[in-house]
Each structure stands twice: as structure tokens, then as C-alpha cells.
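Asks: There's a structure below that I have some questions on.
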Amino acid sequence: MGKVKSHQKLPTEWNEREVLRDKGQFWTPSWVAEAMVAYLVENTDLIFDPATGRGAFFEALLKLNKKSISFFGTDIDPEVLADTIYNKENCFVEKRDFIKNPPQRKFKAIVANPPYIRHHRIDDETKLILKKLSTTITGGTIDGRAGYHIYFLIQALNLVEKDGRLAFIMPADTCEGKFAKNLWKWISEKFCIEAVITFDGKATPFPNVDTNAIVFLISICPFSL
């Protein structure tokens with residue numbers, strides 16, 4: 001997945017849609033971004049977005065008028081990071097690969113619509129990196145059919161600070177794939193799953209995209225510290 005402003009439309013041509021699929025860029029509408037950010041704004045002075053795209057979550061933070069909260073975003077696409085929305089105070093973005101080179105710190109609030117790249121589009125070298133990452137963080141194995149977005153979630157959860165929160169919008173296979181049992185066993189043992197939000201077919205955030213979206217709101221459990 002990824003993000004963009006709600007007025008932007010998915011291309012109708014197959015080859016243009018394939019470019020988006022290769023990048024994993026499926027954009028977050030503003031009404032979803034605003035609800036996700038609202039969950040995070042208490043007890044933090046900084047929100048981190050590891051796949052910031054064109055700034056849907058930063059735009060949501062601006063609409064909430066939380067001037068005391070700064071925004072830090074990373075992305076691998078310099079074109080989206082050049083968007084004029086980032087030319088504002090208390091906003092810091094940088095070109096960074098969140099999987100291969102994550103920030104060396106933890107965060108009170110993390111929000112993302114991670115790149116939605118299915119496993120068959122991931123090269124073998126990257127798959128080895130992802131396998132090592134998941135084993136190191138979770139202490140177990142994740143089935144190789146997990147998409148790139150699953151590893152974004154694992155990496156992000158590993159960077160949530162004490163008393164912190166995370167809001168991710170993910171495809172439904174996060175709960176349905178062959179990897180899901182081991183993934184959610186680890187998450188449920190280490191974190192508090194505060195809400196899982198699904199959408200009616202008529203209110204899907206991603207019309208004409210062959211996946212159903214789910215929003216996960218997760219916090220650090222006191223007993224896991």
C-alpha cells in the first residue's frame with residue numbers, strides 16, 4: 001500500500017496499475033487517515049510514518065490542528081517526498097528504506113499504509129533479508145508467502161516505545177494468509193490489539209482494488225514490558 005490524497009484516482013490502464021503494484025503504492029483516503037491519526041495524538045509529541053508517500057497522514061495531523069505534535073516520515077521514493085505538503089514547520093521527511101535501514105530509535109506513535117507488495121513480486125535477495133528480520137524480531141518463522149507489508153508491520157511494532165501506539169491499514173491477508181497464525185500469536189503475546197476495523201463493501205477505502213482493507217490499532221501491553 002502507500003498513501004495519497006483522496007482526490008487522486010487509481011489508473012485504469014493495466015500497465016499503469018502494474019507500476020503501482022510493483023511499488024506497492026495504493027493510496028490512503030483522507031477520511032481513513034484522519035481517524036487513524038486521531039487514535040495516536042494523545043501522549044505524544046511526534047508521529048512517525050515509515051511509508052509516508054504524498055502525506056495523507058501528515059495532512060490528517062494538520063487537519064486535527066495538533067501544532068504541538070511534529071511529524072517524521074520516511075519513504076524510498078524521492079518523487080513523493082518532494083511534494084509541497086512537506087514544506088511546513090514541524091515536518092521532517094527523508095529518503096530511507098524502512099526495512100533495510102530503519103531509524104535507530106523508538107516512537108510513541110507510528111502510523112502507516114505500508115507498501116502492499118505480494119511475495120511473488122519480491123526478489124530472492126530481499127526475501128532473505130525479510131526472513132532474517134522476522135526471525136530476529138519475533139523469534140520464530142513467518143511463512144515465505146507473506147507480502148512486504150507484513151514485514152513493515154513487524155518492523156514497526158518493534159519500534160513502538162513504552163506506552164506507545166500503532167495504527168496500520170493493511171490488506172485482509174494479514175489475518176488470512178498461511179503466515180497469519182504465527183504472526184498473530186507473536187503480536188497477541190507482546191501487544192494489546194485495541195481494535196480491528198473492517199469496511200463494508202460500499203465503503204471500501206480502495207475501490208476497484210482486489211483486496212479488502214483492515215485497520216489495526218495496537219498498543220504496548222504493560223505485561224509485555
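FYI, nothing fancy with the C-alpha cells labels: chains A, B, ... in order, residues from 1 per chain, ligands from 1 as they appear.
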Just want the 12 Å neighbourhood of A:Asp143, counted on only C-alpha atoms, with same-chain residues fewer than 6 positions away dropped. Output as a list in words.

Replies: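 Close residues of A:Asp143: His119, Lys127, Leu130, Lys131, Ser134, Thr135, Ile150, Tyr151, Thr174, Gly177, Lys178, Phe179, Ala180, Lys181, Asn182 and Leu183 of chain A.
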
Asks: Residues at most 6 Å from A:Ile110, counting only C-alpha atoms, excluding those fewer than 5 positions away in the same chain, as a ChimeraX atom specification?

Replies: /A:47-49,166

Asks: May I have all residues of stretch 5-220 of chain A that DSSP, computed from the backbone, assigns to alpha helix (DSSP H), given as an MDAnalysis selection string?

Replies: chainID A and resid 14:23 30:40 56:63 78:81 124:138 148:157 173:176 180:190

Asks: Set the distance at 8 Å and use only C-alpha atoms: which residues neighbour A:Asp97 once local chain neighbours fewer than 2 positions away are removed? I'd like the list as a list in words.

Replies: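 In the requested format, the answer is Thr74, Asp75, Ile76, Lys95, Ile99, Lys100, Asn101 and Pro102 of chain A.
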
Asks: Next, write the just-selected residues to a file, as a compact mmCIF listing (two decimals), in the first residue's frame, keeping N, CA and C atoms as the atom set.

Replies:
# COMPACT_ATOMS: atom_id res chain seq x y z
N THR A 74 9.41 8.69 6.40
CA THR A 74 10.43 8.14 5.51
C THR A 74 9.75 7.47 4.32
N ASP A 75 10.47 7.41 3.22
CA ASP A 75 9.97 6.74 2.02
C ASP A 75 11.18 6.49 1.11
N ILE A 76 11.05 5.54 0.20
CA ILE A 76 12.15 5.27 -0.73
C ILE A 76 11.97 6.01 -2.05
N LYS A 95 14.61 10.27 2.65
CA LYS A 95 14.66 9.06 1.83
C LYS A 95 15.35 7.96 2.63
N ILE A 99 12.77 -1.06 5.86
CA ILE A 99 13.10 -2.46 6.13
C ILE A 99 14.60 -2.66 6.30
N LYS A 100 15.38 -2.13 5.38
CA LYS A 100 16.82 -2.37 5.39
C LYS A 100 17.60 -1.40 6.26
N ASN A 101 17.01 -0.23 6.52
CA ASN A 101 17.72 0.79 7.29
C ASN A 101 16.74 1.59 8.15
N PRO A 102 16.14 0.95 9.15
CA PRO A 102 15.15 1.64 9.98
C PRO A 102 15.80 2.68 10.88

Asks: With distances taken over only C-alpha atoms, which of A:Glu176, A:Val196, A:Val160, A:Tyr148 is nearest to A:Cys221?

Replies: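 For A:Cys221, the nearest of the candidates is A:Val160.
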
Asks: Pick from A:Ile214, A:Glu89, A:Ala167, A:Leu81: nearest to A:Glu34, with only C-alpha atoms counted?

Replies: A:Ala167
